[in-house]
Structure formats: C-alpha cells, structure tokens
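> If it helps, the file is called structure-v4.cif and holds mmCIF, C-alpha atoms:
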```
data_query
loop_
_atom_site.label_atom_id
_atom_site.label_comp_id
_atom_site.auth_asym_id
_atom_site.auth_seq_id
_atom_site.Cartn_x
_atom_site.Cartn_y
_atom_site.Cartn_z
CA MET A 203 106.71 151.66 -60.97
CA SER A 204 106.56 148.37 -62.78
CA GLY A 205 103.23 146.98 -63.82
CA HIS A 206 104.49 143.41 -63.53
CA SER A 207 104.11 141.41 -60.32
CA GLU A 208 105.53 137.99 -59.68
CA ASP A 209 103.10 135.15 -59.04
CA PRO A 210 103.59 134.10 -55.38
CA VAL A 211 102.20 130.62 -56.09
CA LEU A 212 104.69 130.13 -58.93
CA GLU A 213 107.56 131.36 -56.76
CA GLU A 214 106.56 129.02 -53.94
CA SER A 215 106.32 126.14 -56.39
CA LYS A 216 109.77 126.87 -57.81
CA ARG A 217 111.28 127.09 -54.38
CA PHE A 218 109.65 123.85 -53.28
CA PHE A 219 110.88 121.90 -56.29
CA THR A 220 114.35 123.36 -55.93
CA PHE A 221 114.71 121.99 -52.44
CA PHE A 222 112.93 118.76 -53.30
CA ASN A 223 115.41 118.14 -56.11
CA LEU A 224 118.30 118.91 -53.79
CA SER A 225 116.99 116.38 -51.29
CA MET A 226 116.82 113.76 -54.06
CA ILE A 227 120.43 114.54 -54.95
CA LEU A 228 121.39 113.80 -51.34
CA VAL A 229 119.53 110.50 -51.54
CA ALA A 230 121.30 109.64 -54.81
CA ILE A 231 124.71 110.40 -53.27
CA THR A 232 123.83 108.12 -50.37
CA GLY A 233 122.90 105.36 -52.81
CA ILE A 234 126.31 105.69 -54.46
CA GLU A 235 127.96 105.51 -51.04
CA ILE A 236 126.07 102.34 -50.16
CA VAL A 237 127.27 100.71 -53.39
CA ILE A 238 130.86 101.78 -52.67
CA ILE A 239 130.72 100.42 -49.12
CA TYR A 240 129.19 97.04 -49.85
CA VAL A 241 130.53 96.32 -53.33
CA GLN A 242 133.97 97.79 -52.53
CA THR A 243 135.03 98.41 -56.11
CA PHE A 244 137.97 100.61 -55.06
CA GLN A 245 141.03 100.26 -52.89
CA SER A 246 140.30 100.75 -49.19
CA ALA A 247 142.13 104.09 -48.94
CA SER A 248 140.27 105.41 -52.00
CA ILE A 249 136.91 104.33 -50.58
CA ILE A 250 137.48 106.27 -47.36
CA GLY A 251 138.55 109.38 -49.28
CA ILE A 252 135.48 109.24 -51.53
CA LEU A 253 133.15 108.75 -48.56
CA PHE A 254 134.67 111.70 -46.72
CA ALA A 255 134.21 113.88 -49.81
CA THR A 256 130.57 112.87 -50.30
CA SER A 257 129.91 113.39 -46.58
CA ILE A 258 131.22 116.95 -46.79
CA ILE A 259 129.07 117.62 -49.86
CA LYS A 260 125.96 116.35 -48.11
CA PHE A 261 126.58 118.25 -44.90
CA CYS A 262 127.13 121.45 -46.85
CA GLY A 263 123.97 120.83 -48.88
CA VAL A 264 121.87 120.20 -45.81
CA ILE A 265 123.14 123.20 -43.87
CA TRP A 266 123.36 125.67 -46.77
CA TRP A 267 120.12 124.89 -48.54
CA PHE A 268 117.75 123.66 -45.86
CA MET A 269 118.72 125.41 -42.64
CA HIS A 270 116.89 128.66 -43.26
CA LEU A 271 113.75 126.89 -44.56
CA ARG A 272 113.49 124.07 -42.05
CA TRP A 273 110.45 125.53 -40.29
CA ASP A 274 108.73 127.23 -43.27
CA LYS A 275 106.78 124.18 -44.36
CA PHE A 276 106.20 120.79 -42.77
CA LEU A 277 107.66 119.00 -45.81
CA ASN A 278 110.74 121.22 -45.76
CA THR A 279 111.22 120.31 -42.11
CA VAL A 280 110.99 116.60 -42.97
CA LEU A 281 113.47 116.99 -45.82
CA PHE A 282 115.84 118.90 -43.56
CA LEU A 283 115.77 116.19 -40.90
CA MET A 284 116.11 113.45 -43.52
CA GLY A 285 119.20 115.18 -44.88
CA LEU A 286 120.79 115.29 -41.44
CA VAL A 287 120.03 111.61 -40.86
CA ILE A 288 121.48 110.65 -44.24
CA ALA A 289 124.62 112.70 -43.63
CA LEU A 290 125.03 111.21 -40.16
CA GLY A 291 124.61 107.71 -41.59
CA THR A 292 127.46 108.37 -43.98
CA TYR A 293 129.65 109.46 -41.08
CA PHE A 294 129.16 106.10 -39.37
CA ALA A 295 129.66 104.32 -42.68
CA VAL A 296 133.07 105.98 -43.00
CA ILE A 297 133.98 104.75 -39.51
CA TYR A 298 132.78 101.28 -40.56
CA MET A 299 134.99 101.30 -43.64
CA ALA A 300 138.04 102.69 -41.84
CA ASP A 301 137.96 99.92 -39.23
CA ALA A 302 139.85 96.69 -39.88
CA HIS A 303 137.80 93.55 -40.41
CA PRO A 304 139.17 90.76 -38.17
CA VAL A 305 139.53 87.36 -39.80
CA VAL A 306 139.82 84.09 -37.90
CA GLU A 307 142.53 82.22 -39.78
CA LYS A 308 142.67 79.28 -37.37
CA PHE A 309 140.85 78.08 -34.28
CA GLU A 310 141.77 74.71 -32.77
CA VAL A 311 141.03 72.88 -29.55
CA SER A 312 142.88 69.61 -28.90
CA LYS A 313 143.52 67.40 -25.88
CA ILE A 314 147.07 67.63 -24.57
CA GLU A 315 148.85 64.29 -24.72
CA ASN A 316 152.45 65.29 -24.05
CA SER A 317 154.13 62.47 -22.13
CA TRP A 318 156.64 63.28 -19.43
CA LYS A 319 160.27 63.26 -20.62
CA ALA A 320 163.46 62.84 -18.63
CA ASP A 321 166.12 65.61 -18.71
CA HIS A 322 163.69 68.05 -20.32
CA GLU A 323 163.25 71.77 -19.66
CA TYR A 324 159.71 72.57 -18.50
CA LYS A 325 158.14 76.00 -18.02
CA ALA A 326 155.71 76.88 -15.23
CA ASN A 327 152.20 75.57 -15.91
CA ASP A 328 153.36 73.08 -18.56
CA VAL A 329 151.16 69.98 -18.63
CA VAL A 330 152.36 66.39 -19.07
CA LEU A 331 150.76 62.95 -19.09
CA GLU A 332 152.35 60.29 -16.90
CA LYS A 333 150.83 56.82 -16.57
CA GLY A 334 147.38 58.05 -17.60
CA VAL A 335 147.38 60.94 -15.12
CA TYR A 336 147.82 64.63 -15.98
CA TYR A 337 150.27 66.81 -14.04
CA GLN A 338 151.17 70.49 -14.22
CA THR A 339 154.48 72.08 -13.30
CA LYS A 340 154.57 74.44 -10.34
CA SER A 341 157.59 76.37 -11.64
CA ASP A 342 160.29 76.35 -14.30
CA ARG A 343 162.42 73.24 -13.89
CA LYS A 344 164.44 70.56 -15.62
CA SER A 345 163.16 67.04 -15.15
CA GLY A 346 165.40 64.37 -13.67
CA LYS A 347 165.97 60.78 -14.63
CA SER A 348 162.69 59.67 -13.09
CA PHE A 349 159.32 61.30 -12.54
CA GLN A 350 158.90 62.97 -9.12
CA PRO A 351 155.21 63.62 -8.32
CA LYS A 352 156.10 66.04 -5.51
CA ASN A 353 157.40 68.53 -8.11
CA TRP A 354 154.12 68.46 -9.99
CA GLU A 355 150.49 69.25 -9.33
CA LYS A 356 148.02 66.49 -10.16
CA LEU A 357 145.10 67.56 -12.33
CA ASP A 358 141.61 66.13 -11.97
CA SER A 359 140.43 67.78 -15.18
CA ILE A 360 141.40 67.12 -18.80
CA PRO A 361 143.80 69.76 -20.20
CA HIS A 362 143.23 70.99 -23.74
CA LEU A 363 145.29 73.34 -25.87
CA VAL A 364 143.18 76.22 -27.24
CA SER A 365 144.95 78.03 -30.07
CA TYR A 366 143.84 80.73 -32.48
CA HIS A 367 145.25 82.88 -35.27
CA ILE A 368 143.50 86.16 -36.06
CA THR A 369 144.47 88.77 -38.66
CA GLY A 370 143.18 92.30 -39.14
CA GLY A 371 143.41 93.25 -35.48
CA ALA A 372 140.84 92.93 -32.71
CA ASP A 373 139.66 94.87 -29.66
CA MET A 374 138.17 91.85 -27.91
CA ILE A 375 138.42 88.06 -28.17
CA GLU A 376 135.91 85.86 -26.40
CA ILE A 377 135.88 82.05 -26.27
CA ASN A 378 133.11 80.14 -24.52
CA SER A 379 131.88 76.59 -24.39
CA LYS A 380 128.60 75.60 -26.01
CA ASN A 381 128.16 72.78 -23.51
CA PRO A 382 127.08 73.88 -20.00
CA GLU A 383 128.33 70.56 -18.63
CA ASN A 384 131.82 71.29 -19.94
CA PRO A 385 132.22 75.00 -19.05
CA TYR A 386 135.00 77.26 -20.28
CA PHE A 387 135.29 81.01 -20.78
CA LEU A 388 138.15 83.21 -21.95
CA LEU A 389 138.10 86.98 -22.48
CA SER A 390 141.07 88.79 -23.99
CA HIS A 391 141.70 92.42 -25.02
CA PRO A 392 144.65 92.60 -27.46
CA GLU A 393 146.39 95.97 -27.72
CA GLY A 394 147.01 97.22 -31.25
CA GLU A 395 148.12 93.90 -32.73
CA GLU A 396 147.34 93.38 -36.42
CA GLU A 397 148.15 89.67 -36.23
CA ILE A 398 147.29 87.65 -33.13
CA VAL A 399 148.66 84.15 -32.61
CA GLU A 400 147.92 82.82 -29.15
CA SER A 401 147.44 79.54 -27.30
CA THR A 402 146.31 78.72 -23.77
CA VAL A 403 145.66 75.65 -21.67
CA ALA A 404 142.01 74.98 -20.83
CA LEU A 405 141.18 72.59 -18.00
CA LEU A 406 137.95 70.89 -19.03
CA ALA A 407 135.65 68.33 -17.49
CA ALA A 408 135.46 66.24 -20.68
CA ASP A 409 137.10 65.75 -24.06
CA ALA A 410 136.30 68.53 -26.53
CA THR A 411 137.12 69.89 -29.99
CA ALA A 412 136.81 73.31 -31.63
CA ALA A 413 133.23 72.42 -32.61
CA ASP A 414 132.30 72.52 -28.92
CA PHE A 415 133.33 76.17 -28.57
CA ARG A 416 132.33 79.56 -29.92
CA LEU A 417 135.01 82.14 -30.77
CA LYS A 418 133.93 85.79 -31.06
CA VAL A 419 136.23 88.53 -32.30
CA ARG A 420 135.22 92.19 -32.15
CA SER A 421 136.80 95.30 -33.58
CA GLU A 422 135.34 98.82 -33.39
CA ALA A 423 132.81 98.24 -36.16
CA PHE A 424 132.95 94.51 -36.93
CA TRP A 425 131.90 91.36 -35.10
CA THR A 426 133.28 88.05 -36.37
CA GLU A 427 132.22 84.69 -35.00
CA ALA A 428 133.77 81.27 -35.59
CA GLN A 429 131.76 78.23 -34.52
#
```
Is it possible to express this structure as structure tokens?


Amino acid sequence: MSGHSEDPVLEESKRFFTFFNLSMILVAITGIEIVIIYVQTFQSASIIGILFATSIIKFCGVIWWFMHLRWDKFLNTVLFLMGLVIALGTYFAVIYMADAHPVVEKFEVSKIENSWKADHEYKANDVVLEKGVYYQTKSDRKSGKSFQPKNWEKLDSIPHLVSYHITGGADMIEINSKNPENPYFLLSHPEGEEEIVESTVALLAADATAADFRLKVRSEAFWTEAQ
C-alpha cells in the first residue's frame, strides 16, 4: 500500500484551472471570429468555412470538457453556460455571413410627363399627359390620329414613376412616403432574384422626389435602408 496520498485541494485547483483555461480559449476563438466577420480579411467562401470549423471546435470543447462538470461548482456551471452561448452566437454569425447583403444601386422618383402621341402603341395602365391633364389607358391599344378621351381614364392625382435597382438579392422591399399628406406604400417580395430592376407608377397627391420616400430592403440577416 502506497504511503503517498494526493492532495485533494491541489487536484481541485488543477481541475479548476484546466477548465478555466479552456473557457478562455473559447473566448479567444470567438474574438478571432468577430474579427473575421467584421474585418472580412478573407474571401466570403473562406470566411464561412473558417467559421464553421471554429464553431465545431467550440461545440466539441463545450460538450466534451464541461458537460460532466456543469453542476459540480457554481463557476463551472457559469462557464458551461457561457460556452454554449458563445457557440450559439457563432452559429448565428455564420448565418449572417452566408446571407447576401442587398445593395440599393439606384432609387428614383420622378413625375411622369409623357405627352400623348398619335399612332403609338400603349400598354394597359400607361400614363400620358394631354393638355395639362393626366390620363391612363384602360387596355392595350394603338392611338389614333387624334386623342379620344373615352378610351382613357382621367386621373385626379399626379402620376410618378418609382424605379429601383437592387443587387445582392432581397426577401422584402418596402417603399413608403415620409409625408403623411402625400401617402404612398409599396410592399414587394422578390423570389430568388440576385438583381432586381423594377419600376411602378405611383399616383400621388403632390409632386415628389426620391427624398420624400424611404426604401427598405431586407434579406434574411441584413436590413438596408435608402432615404
């Protein structure tokens, strides 16, 4: 029988510092991930691969090293929960990086001043200006030699052309007026388009420009706003 006995206090101290150091390693890995995400010193595909690898390392560290000690000591419990939170944060960071960042390349709002033309092909809902009055076509048609009001719908509002060009894809596009006295609202949900070039006619109560509107573009993880 051996006359030597291990010091329980020393063993407890060693065990504590082992797990404390491991928790600091997890924090350090997270710091590296934050730098990679926000500084973006690598290509996008490389960033996602690195983040997935570090996430796996942290999850394994949390589960392997802390799981069986999570209730031994209060501090170990805190470190265990911190590790899970850090690892979960990295998971969402990877989703953030994998998502495309929509960019508003162009956003314009201009009053329509297209004068009526004879012998011209018009599409349904086209807007023309005739003798200071706005009209809108009821259906596809070719204009005759003279303007026929019965073939058109008179507009009491002022038509504007709202056009935008967005790259990087988007799940939702929202346009709304900043002026309550000149209301306008548009909500669109593009489907899997990386480049979106659209225009629509807005019937407004008064003259307006792009500065009078707010354009919001949302992807899964990003929210872009043009004012």

> Here's the selection I'm unsure about, the PyMOL selection byres ((chain A and resi 322-333) around 9); applied to the file above, which residues does it give, as a list of chain:residue names?

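Selected by the PyMOL selection byres ((chain A and resi 322-333) around 9) here: A:Ile314, A:Glu315, A:Asn316, A:Ser317, A:Trp318, A:Lys319, A:Ala320, A:Asp321, A:Gly334, A:Val335, A:Tyr336, A:Tyr337, A:Gln338, A:Thr339, A:Lys340, A:Ser341, A:Asp342, A:Arg343, A:Lys344, A:Ser345, A:Gly346, A:Phe349, A:Pro361, A:Val403.
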
> Give me, as a PDB file with C-alpha atoms, keeping the file's coordinate frame, all polymer residues having an atom no more than 9 Å from stretch 406-414 of chain A, counting all atoms listed in the file and skipping those fewer than 4 positions away in the same chain.


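part35.pdb was written with the following content:
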```pdb
ATOM      1  CA  PHE A 309     140.850  78.080 -34.280  1.00  0.00           C
ATOM      2  CA  GLU A 310     141.770  74.710 -32.770  1.00  0.00           C
ATOM      3  CA  VAL A 311     141.030  72.880 -29.550  1.00  0.00           C
ATOM      4  CA  SER A 312     142.880  69.610 -28.900  1.00  0.00           C
ATOM      5  CA  LYS A 313     143.520  67.400 -25.880  1.00  0.00           C
ATOM      6  CA  ASP A 358     141.610  66.130 -11.970  1.00  0.00           C
ATOM      7  CA  SER A 359     140.430  67.780 -15.180  1.00  0.00           C
ATOM      8  CA  ILE A 360     141.400  67.120 -18.800  1.00  0.00           C
ATOM      9  CA  PRO A 361     143.800  69.760 -20.200  1.00  0.00           C
ATOM     10  CA  HIS A 362     143.230  70.990 -23.740  1.00  0.00           C
ATOM     11  CA  VAL A 364     143.180  76.220 -27.240  1.00  0.00           C
ATOM     12  CA  ASN A 378     133.110  80.140 -24.520  1.00  0.00           C
ATOM     13  CA  SER A 379     131.880  76.590 -24.390  1.00  0.00           C
ATOM     14  CA  LYS A 380     128.600  75.600 -26.010  1.00  0.00           C
ATOM     15  CA  ASN A 381     128.160  72.780 -23.510  1.00  0.00           C
ATOM     16  CA  GLU A 383     128.330  70.560 -18.630  1.00  0.00           C
ATOM     17  CA  ASN A 384     131.820  71.290 -19.940  1.00  0.00           C
ATOM     18  CA  PRO A 385     132.220  75.000 -19.050  1.00  0.00           C
ATOM     19  CA  TYR A 386     135.000  77.260 -20.280  1.00  0.00           C
ATOM     20  CA  GLN A 429     131.760  78.230 -34.520  1.00  0.00           C
TER      21      GLN A 429
END
```

> Quick one: which residues end up in the PyMOL selection byres ((chain A and resi 418-428) around 12) for this structure, as a PyMOL selection string?

chain A and resi 294-310+366-379+387-396+398+412-417+429

> Go through A:Thr220, A:Pro351, A:Val399, A:Ile252 and flag the residue nearest A:Ile236, using all atoms listed in the file for the distances.

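Result for the nearest residue to A:Ile236: A:Ile252.
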
> One decimal, Å: what's the distance from atom CA of A:Val280 over to atom CA of A:Ile234, could you say?

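Separation between atom CA of A:Val280 and atom CA of A:Ile234: 22.0 Å.
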
> Have a look at atom CA of A:Ser365 and atom CA of A:Leu405 and let me know their distance in Å, one decimal.

13.8 Å

> What does the distance from atom CA of A:Ile231 to atom CA of A:Thr256 come to in Å, to one decimal?

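Atom-to-atom, atom CA of A:Ile231 to atom CA of A:Thr256, that is 7.0 Å.
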